[in-house]
Amino acid sequence: MNGIIEAGPTHAAALAAMHELAFAQEPWNEAAFVALLSQPGMLALIHDADGFILLRAVLDEAEILTIGVLEKRQGIGAALLAEGLRRVRENGVRVVHLEVATSNAPALALYKKCGFVPSGLRKAYYNNGGDALMLRLDMATPVAHRS
Ligand SMILES: CC(C)(COP(=O)(O)OP(=O)(O)OC[C@H]1O[C@@H](n2cnc3c(N)ncnc32)[C@H](O)[C@@H]1OP(=O)(O)O)[C@@H](O)C(=O)NCCC(=O)NCCS
């Protein structure tokens, strides 16, 4: 896929640098990415130097741990999400979960567009007291042509 590569522990510093720019409030450092990237079932994708996604799969379920882009509204987030979903699906994943702040309108719009639906609410989940919406995507049906 154009511009998207699979990342490993050698990309931990680059991922940390991008994460800090995408999540200024709660950056994950290089050591955190080294630890994450050595976990079984982890898939990390980088879009050039301007976006990333981490998913962790266990059997037929996966979780999106983080996604961020530096140049927003260029289709990079959607491309990373689609490629991440395609790859885990190829490996047998059928259900994908994630948590997103109820105040995060861009992310909520992205996930909704990709077919995620609400599956729960975690009150005061974040350090700032914000709530988390739990979302779920059932990939038993094709994901390629959702609109
Ligand atoms: C959420 C995020 C990854 C989206 O990435 P992006 O590359 O800007 O998104 P895309 O350009 O691929 O947009 C895809 C779709 O998402 C929706 N969307 C994305 N940003 C949006 C915004 N600011 N307002 C409304 N809808 C938005 C739209 O439906 C869009 O499709 P469209 O452009 O055809 O209308 C990006 O805003 C980001 O990095 N945010 C900071 C980190 C973060 O909050 N990550 C999510 C944690 S759960």
# chains A, B, ... in the order shown; residues from 1 in each chain; ligands from 1
>>> residues_around(residues="segment 34-36 of chain A", least_positions_apart="2", cutoff="10 Å", atoms="only C-alpha atoms", output="ChimeraX atom specification")
/A:8-13,15-16,29-32,38-40,42-44,54,56,65
>>> residues_near_ligand(ligand="ligand 1", cutoff="6 Å", atoms="only C-alpha atoms and all ligand atoms", output="mmCIF file with N, CA and C atoms, in the first residue's frame")
data_model
loop_
_atom_site.group_PDB
_atom_site.id
_atom_site.type_symbol
_atom_site.label_atom_id
_atom_site.label_comp_id
_atom_site.auth_asym_id
_atom_site.auth_seq_id
_atom_site.Cartn_x
_atom_site.Cartn_y
_atom_site.Cartn_z
ATOM 1 N N ALA A 22 0.996 14.233 17.915
ATOM 2 C CA ALA A 22 -0.445 13.968 17.764
ATOM 3 C C ALA A 22 -1.186 14.033 19.096
ATOM 4 N N PHE A 23 -0.492 13.654 20.190
ATOM 5 C CA PHE A 23 -1.117 13.609 21.523
ATOM 6 C C PHE A 23 -0.264 14.422 22.496
ATOM 7 N N THR A 66 -3.789 2.952 19.398
ATOM 8 C CA THR A 66 -3.586 4.374 19.131
ATOM 9 C C THR A 66 -3.561 4.605 17.626
ATOM 10 N N ILE A 67 -3.983 5.790 17.228
ATOM 11 C CA ILE A 67 -3.857 6.237 15.839
ATOM 12 C C ILE A 67 -3.672 7.748 15.878
ATOM 13 N N GLY A 68 -2.758 8.248 15.081
ATOM 14 C CA GLY A 68 -2.559 9.698 15.057
ATOM 15 C C GLY A 68 -1.943 10.117 13.739
ATOM 16 N N VAL A 69 -2.273 11.312 13.312
ATOM 17 C CA VAL A 69 -1.658 11.861 12.103
ATOM 18 C C VAL A 69 -1.198 13.283 12.400
ATOM 19 N N LYS A 72 -3.574 16.706 9.171
ATOM 20 C CA LYS A 72 -4.946 16.220 9.292
ATOM 21 C C LYS A 72 -5.789 16.533 8.060
ATOM 22 N N ARG A 73 -6.855 15.781 7.923
ATOM 23 C CA ARG A 73 -7.837 15.908 6.834
ATOM 24 C C ARG A 73 -7.219 15.727 5.452
ATOM 25 N N GLN A 74 -6.196 14.864 5.383
ATOM 26 C CA GLN A 74 -5.598 14.518 4.084
ATOM 27 C C GLN A 74 -5.918 13.067 3.711
ATOM 28 N N GLY A 75 -6.745 12.423 4.503
ATOM 29 C CA GLY A 75 -7.078 11.029 4.232
ATOM 30 C C GLY A 75 -6.097 10.031 4.818
ATOM 31 N N ILE A 76 -5.108 10.523 5.576
ATOM 32 C CA ILE A 76 -4.065 9.626 6.110
ATOM 33 C C ILE A 76 -4.627 8.726 7.213
ATOM 34 N N GLY A 77 -5.410 9.286 8.105
ATOM 35 C CA GLY A 77 -6.007 8.491 9.180
ATOM 36 C C GLY A 77 -6.885 7.388 8.610
ATOM 37 N N ALA A 78 -7.707 7.732 7.639
ATOM 38 C CA ALA A 78 -8.587 6.730 7.026
ATOM 39 C C ALA A 78 -7.769 5.650 6.338
ATOM 40 N N VAL A 100 -12.522 5.803 22.730
ATOM 41 C CA VAL A 100 -12.264 7.153 22.235
ATOM 42 C C VAL A 100 -12.978 8.142 23.144
ATOM 43 N N PRO A 106 -13.244 14.555 15.706
ATOM 44 C CA PRO A 106 -12.623 14.021 14.484
ATOM 45 C C PRO A 106 -12.498 12.497 14.506
ATOM 46 N N ALA A 107 -12.036 11.945 15.632
ATOM 47 C CA ALA A 107 -11.861 10.493 15.717
ATOM 48 C C ALA A 107 -13.215 9.785 15.662
ATOM 49 N N ALA A 109 -15.854 10.770 14.156
ATOM 50 C CA ALA A 109 -16.342 10.821 12.777
ATOM 51 C C ALA A 109 -15.616 9.801 11.910
ATOM 52 N N LEU A 110 -14.301 9.680 12.118
ATOM 53 C CA LEU A 110 -13.518 8.702 11.345
ATOM 54 C C LEU A 110 -14.014 7.283 11.610
ATOM 55 N N LYS A 113 -17.448 6.566 10.160
ATOM 56 C CA LYS A 113 -17.367 6.407 8.705
ATOM 57 C C LYS A 113 -16.873 5.023 8.323
#
>>> select_by_dssp(residues="chain A", states="alpha helix (DSSP H)", output="JSON, numbers by chain")
{"A": [12, 13, 14, 15, 16, 17, 18, 19, 20, 21, 22, 30, 31, 32, 33, 34, 35, 36, 37, 76, 77, 78, 79, 80, 81, 82, 83, 84, 85, 86, 87, 88, 89, 90, 105, 106, 107, 108, 109, 110, 111, 112, 113]}
>>> closest_residue(among="A:Ala101, A:Leu81, A:Ile4, A:Ala49", to="Gly115 of chain A", atoms="only C-alpha atoms")
A:Leu81
>>> closest_residue(among="A:Val93, A:Leu55, A:Leu21, A:Leu133", to="Leu70 of chain A", atoms="only C-alpha atoms")
A:Leu21
>>> select_by_dssp(residues="chain A", states="strand (DSSP E or B)", output="ChimeraX atom specification")
/A:4-7,42-47,51-58,61-69,95-101,117-122,132-138
>>> atom_distance(atom1="atom CA of Leu135 of chain A", atom2="atom CA of Leu85 of chain A")
14.2 Å
>>> residues_around(residues="segment 57-60 of chain A", least_positions_apart="6", cutoff="6 Å", atoms="only C-alpha atoms", output="number ranges by chain")
A: 41, 92-94
>>> atom_distance(atom1="atom CA of Glu63 of chain A", atom2="atom CA of Glu99 of chain A")
8.8 Å
>>> closest_residue(among="A:Val117, A:Met18, A:Val96, A:Leu37", to="Glu71 of chain A", atoms="only C-alpha atoms")
A:Met18
>>> atom_distance(atom1="atom CA of Met134 of chain A", atom2="atom CA of Phe33 of chain A")
23.2 Å
>>> residues_around(residues="Asn128 of chain A", least_positions_apart="2", cutoff="12 Å", atoms="only C-alpha atoms", output="PyMOL selection string")
chain A and resi 25-26+101+103+123-126+130-132
>>> write_last_selection(atoms="N, CA and C atoms", output="short mmCIF file (atom, residue, chain, number, x, y, z; two decimals), in the first residue's frame")
data_model
loop_
_atom_site.label_atom_id
_atom_site.label_comp_id
_atom_site.auth_asym_id
_atom_site.auth_seq_id
_atom_site.Cartn_x
_atom_site.Cartn_y
_atom_site.Cartn_z
N GLN A 25 -0.92 16.05 25.05
CA GLN A 25 -1.27 15.94 26.48
C GLN A 25 -0.69 14.69 27.13
N GLU A 26 -0.68 13.57 26.39
CA GLU A 26 -0.25 12.30 26.97
C GLU A 26 0.65 11.53 26.01
N ALA A 101 -12.33 9.28 23.38
CA ALA A 101 -12.95 10.30 24.22
C ALA A 101 -14.23 10.80 23.56
N SER A 103 -15.37 13.52 23.61
CA SER A 103 -15.15 14.89 23.11
C SER A 103 -14.32 14.93 21.82
N LYS A 123 -17.37 6.06 32.17
CA LYS A 123 -17.42 7.39 32.74
C LYS A 123 -16.08 7.73 33.41
N ALA A 124 -15.65 8.98 33.25
CA ALA A 124 -14.43 9.50 33.88
C ALA A 124 -13.23 8.59 33.62
N TYR A 125 -13.12 8.09 32.41
CA TYR A 125 -12.07 7.12 32.05
C TYR A 125 -10.70 7.77 31.93
N TYR A 126 -10.68 9.02 31.48
CA TYR A 126 -9.40 9.68 31.23
C TYR A 126 -8.95 10.53 32.42
N GLY A 130 -12.64 13.04 31.53
CA GLY A 130 -13.52 12.82 30.38
C GLY A 130 -13.97 11.38 30.25
N ASP A 131 -15.12 11.22 29.59
CA ASP A 131 -15.68 9.88 29.38
C ASP A 131 -15.10 9.24 28.12
N ALA A 132 -15.05 7.91 28.11
CA ALA A 132 -14.63 7.18 26.92
C ALA A 132 -15.81 6.42 26.34
#
>>> closest_residue(among="A:Val95, A:Ala17, A:Cys114, A:Ile46", to="Gly3 of chain A", atoms="only C-alpha atoms")
A:Ile46
